[in-house]
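Chemist: This is the structure, below, for whatever I ask next.
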Amino acid sequence: MLLPLGWLARCAWLARRTRGRQLDMLALVGESAPEYGATVVDHGVPAVYCLPGRHSRVVVTRGALDVLSEAQLRAVLEHERAHIAGRHHVPRVLADAFARAFRGLSLARHAKDQTSLLLEMIADDRALRYHSRDALATAMCEVASGMAPQGALGAGGSGAVIRLRRVLTPQPRPHRVTWLGILAATVAAPLLPLLVACGP
C-alpha cells in the first residue's frame, strides 16, 4: 500500500514542478493573446497544448497560427480547454503512478497508455459539441508533428490515427432502451451491496 502511495506523491510533485518550470518559461517567451484566451509562442512548428492545474494556460505556436484556419484554431482551442475544465491531468498522474509502482505488470503500462488516449477522446468529444468534425480533424493533422512539452496535454496527443478515424466517423446514437438500461444499472449498482448484506 505504501509503495503506490509513495509513487503517487512523487508523480504529483514531479508533474507540478514540471508545469511550474513551463509556466516560468512562458512568462519569458510567451505573448498573451486575449482574443484566443491563449499564450502565443514564437516557434515555427505548429503545436497547440495546455498546461493544466491551478495556473492553467493554453499555448499556441506561431506555426499553428500560420497553418490553421479560424475554425480549426477555435476547434483545437476548445479541445485544450476541455482538458483544463475536466482536470485531465489528475487521472494522468494516477495512471503514471500506477505504472511506476507496478512496472512488471503489462496491465499497468497499458493502463497508462489507454488513459491518455481516453482523455484525448473526451476532449475531442467536447470540441465536437461546438465545432465541425472536419475543422477538428484537419487541425489535429496540422498540429500532429508538434510535440507538447513534458507535463502538458497536446492536441496532437496520443493515438492520433485512432482519434482521427473516430472523429471523422459519426458515432450512432444509442437506442432509448440502451439509455434506460444504463440508467437502471446506475441506480441499482449502489443498492446491490445493501441487498446482499440484508439478504437471508
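Simple scheme: letters A, B, ... for chains in C-alpha cells order, numbers from 1 for residues in each chain, numbers from 1 for ligands in the order shown.
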If you take only C-alpha atoms and a cut-off of 9 Å, which residues of range 2-53 of chain A touch range 65-70 of chain A, and what are their nearest atom pairs and distances in Å to one decimal, in chain and number order, as a Markdown table?

Modeler:
| residue | atom | partner | partner_atom | distance |
| --- | --- | --- | --- | --- |
| A:Val40 | CA | A:Leu65 | CA | 8.8 |
| A:Gly44 | CA | A:Asp66 | CA | 8.8 |
| A:Pro46 | CA | A:Val67 | CA | 7.4 |

Chemist: Can you spit out the residues from that selection as a CSV table (one decimal), in the first residue's frame, using N, CA and C atoms?

Modeler:
chain,number,residue,atom,x,y,z
A,40,VAL,N,0.8,32.9,-26.9
A,40,VAL,CA,1.4,32.6,-28.2
A,40,VAL,C,2.9,32.5,-28.0
A,44,GLY,N,8.2,27.9,-35.0
A,44,GLY,CA,7.7,27.6,-36.3
A,44,GLY,C,6.9,26.3,-36.4
A,46,PRO,N,4.0,23.9,-35.9
A,46,PRO,CA,2.6,24.0,-35.4
A,46,PRO,C,2.3,23.1,-34.2

Chemist: So which residues touch Leu119 in chain A within 10 Å, counting only C-alpha atoms, skipping near sequence neighbours fewer than 2 positions away, as a list in words?

Modeler: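 Final neighbour list, sorted by chain and number: Ala82, His83, Gly86, Arg87, His88, His89, Pro91, Arg92, Gln114, Thr115, Ser116, Leu117, Met121, Ile122, Ala123, Asp124, Asp125, Leu153, Gly157 and Ser158 of chain A.
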
Chemist: Please provide the set of residues having any atom within 12 Å of Gln72 in chain A, restricted to only C-alpha atoms, with same-chain residues fewer than 2 positions apart removed, written as a PyMOL selection string.

Modeler: chain A and resi 48+64-70+74-79+127-128+130-143+155

Chemist: Next, write the just-selected residues to a file, as a PDB file, in the first residue's frame, keeping C-alpha atoms as the atom set.

Modeler:
ATOM      1  CA  VAL A  48      -1.294  23.642 -29.520  1.00  0.00           C
ATOM      2  CA  ALA A  64      -0.040  26.833 -35.652  1.00  0.00           C
ATOM      3  CA  LEU A  65      -1.459  30.319 -36.225  1.00  0.00           C
ATOM      4  CA  ASP A  66       0.079  30.305 -39.702  1.00  0.00           C
ATOM      5  CA  VAL A  67      -1.412  26.997 -40.850  1.00  0.00           C
ATOM      6  CA  LEU A  68      -4.766  26.796 -39.032  1.00  0.00           C
ATOM      7  CA  SER A  69      -7.909  28.498 -40.246  1.00  0.00           C
ATOM      8  CA  GLU A  70     -10.027  30.381 -37.717  1.00  0.00           C
ATOM      9  CA  ARG A  74     -11.208  27.512 -32.396  1.00  0.00           C
ATOM     10  CA  ALA A  75     -11.838  23.746 -32.512  1.00  0.00           C
ATOM     11  CA  VAL A  76      -8.406  22.809 -31.230  1.00  0.00           C
ATOM     12  CA  LEU A  77      -8.536  25.505 -28.533  1.00  0.00           C
ATOM     13  CA  GLU A  78     -11.826  24.018 -27.328  1.00  0.00           C
ATOM     14  CA  HIS A  79     -10.093  20.633 -27.156  1.00  0.00           C
ATOM     15  CA  ALA A 127     -14.720  20.115 -29.047  1.00  0.00           C
ATOM     16  CA  LEU A 128     -17.198  18.384 -31.370  1.00  0.00           C
ATOM     17  CA  TYR A 130     -19.285  23.264 -30.758  1.00  0.00           C
ATOM     18  CA  HIS A 131     -17.199  22.681 -33.884  1.00  0.00           C
ATOM     19  CA  SER A 132     -17.360  20.588 -37.045  1.00  0.00           C
ATOM     20  CA  ARG A 133     -15.672  17.225 -37.447  1.00  0.00           C
ATOM     21  CA  ASP A 134     -13.721  18.488 -40.460  1.00  0.00           C
ATOM     22  CA  ALA A 135     -12.359  21.503 -38.558  1.00  0.00           C
ATOM     23  CA  LEU A 136     -11.167  19.410 -35.614  1.00  0.00           C
ATOM     24  CA  ALA A 137      -9.740  16.587 -37.751  1.00  0.00           C
ATOM     25  CA  THR A 138      -7.820  18.971 -40.007  1.00  0.00           C
ATOM     26  CA  ALA A 139      -6.470  20.869 -37.005  1.00  0.00           C
ATOM     27  CA  MET A 140      -5.329  17.589 -35.421  1.00  0.00           C
ATOM     28  CA  CYS A 141      -3.448  16.693 -38.622  1.00  0.00           C
ATOM     29  CA  GLU A 142      -1.790  20.098 -38.806  1.00  0.00           C
ATOM     30  CA  VAL A 143      -0.511  20.036 -35.207  1.00  0.00           C
ATOM     31  CA  ALA A 155      -3.899  18.424 -29.233  1.00  0.00           C
TER      32      ALA A 155
END

Chemist: Interatomic distance between CA of Arg163 in chain A and CA of Ala85 in chain A?

Modeler: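 Answer for the CA of Arg163 in chain A to CA of Ala85 in chain A separation: 20.1 Å.
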
Chemist: Out of A:Gly146, A:Pro4, A:Gly151, A:Pro34, which residue has the shortest atom-to-atom distance to Arg62 in chain A when counting only C-alpha atoms?

Modeler: A:Gly146

Chemist: Which is closer to Pro52 in chain A than all the others in A:Ala15, A:Leu3, A:Val93, A:Ala152, using only C-alpha atoms?

Modeler: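 Nearest candidate to Pro52 in chain A out of A:Ala15, A:Leu3, A:Val93, A:Ala152: A:Ala152.
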
Chemist: Mind pulling up the distance from CA of Arg57 in chain A to CA of Ala12 in chain A?

Modeler: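 Atom-to-atom, CA of Ala12 in chain A to CA of Arg57 in chain A, that is 18.2 Å.
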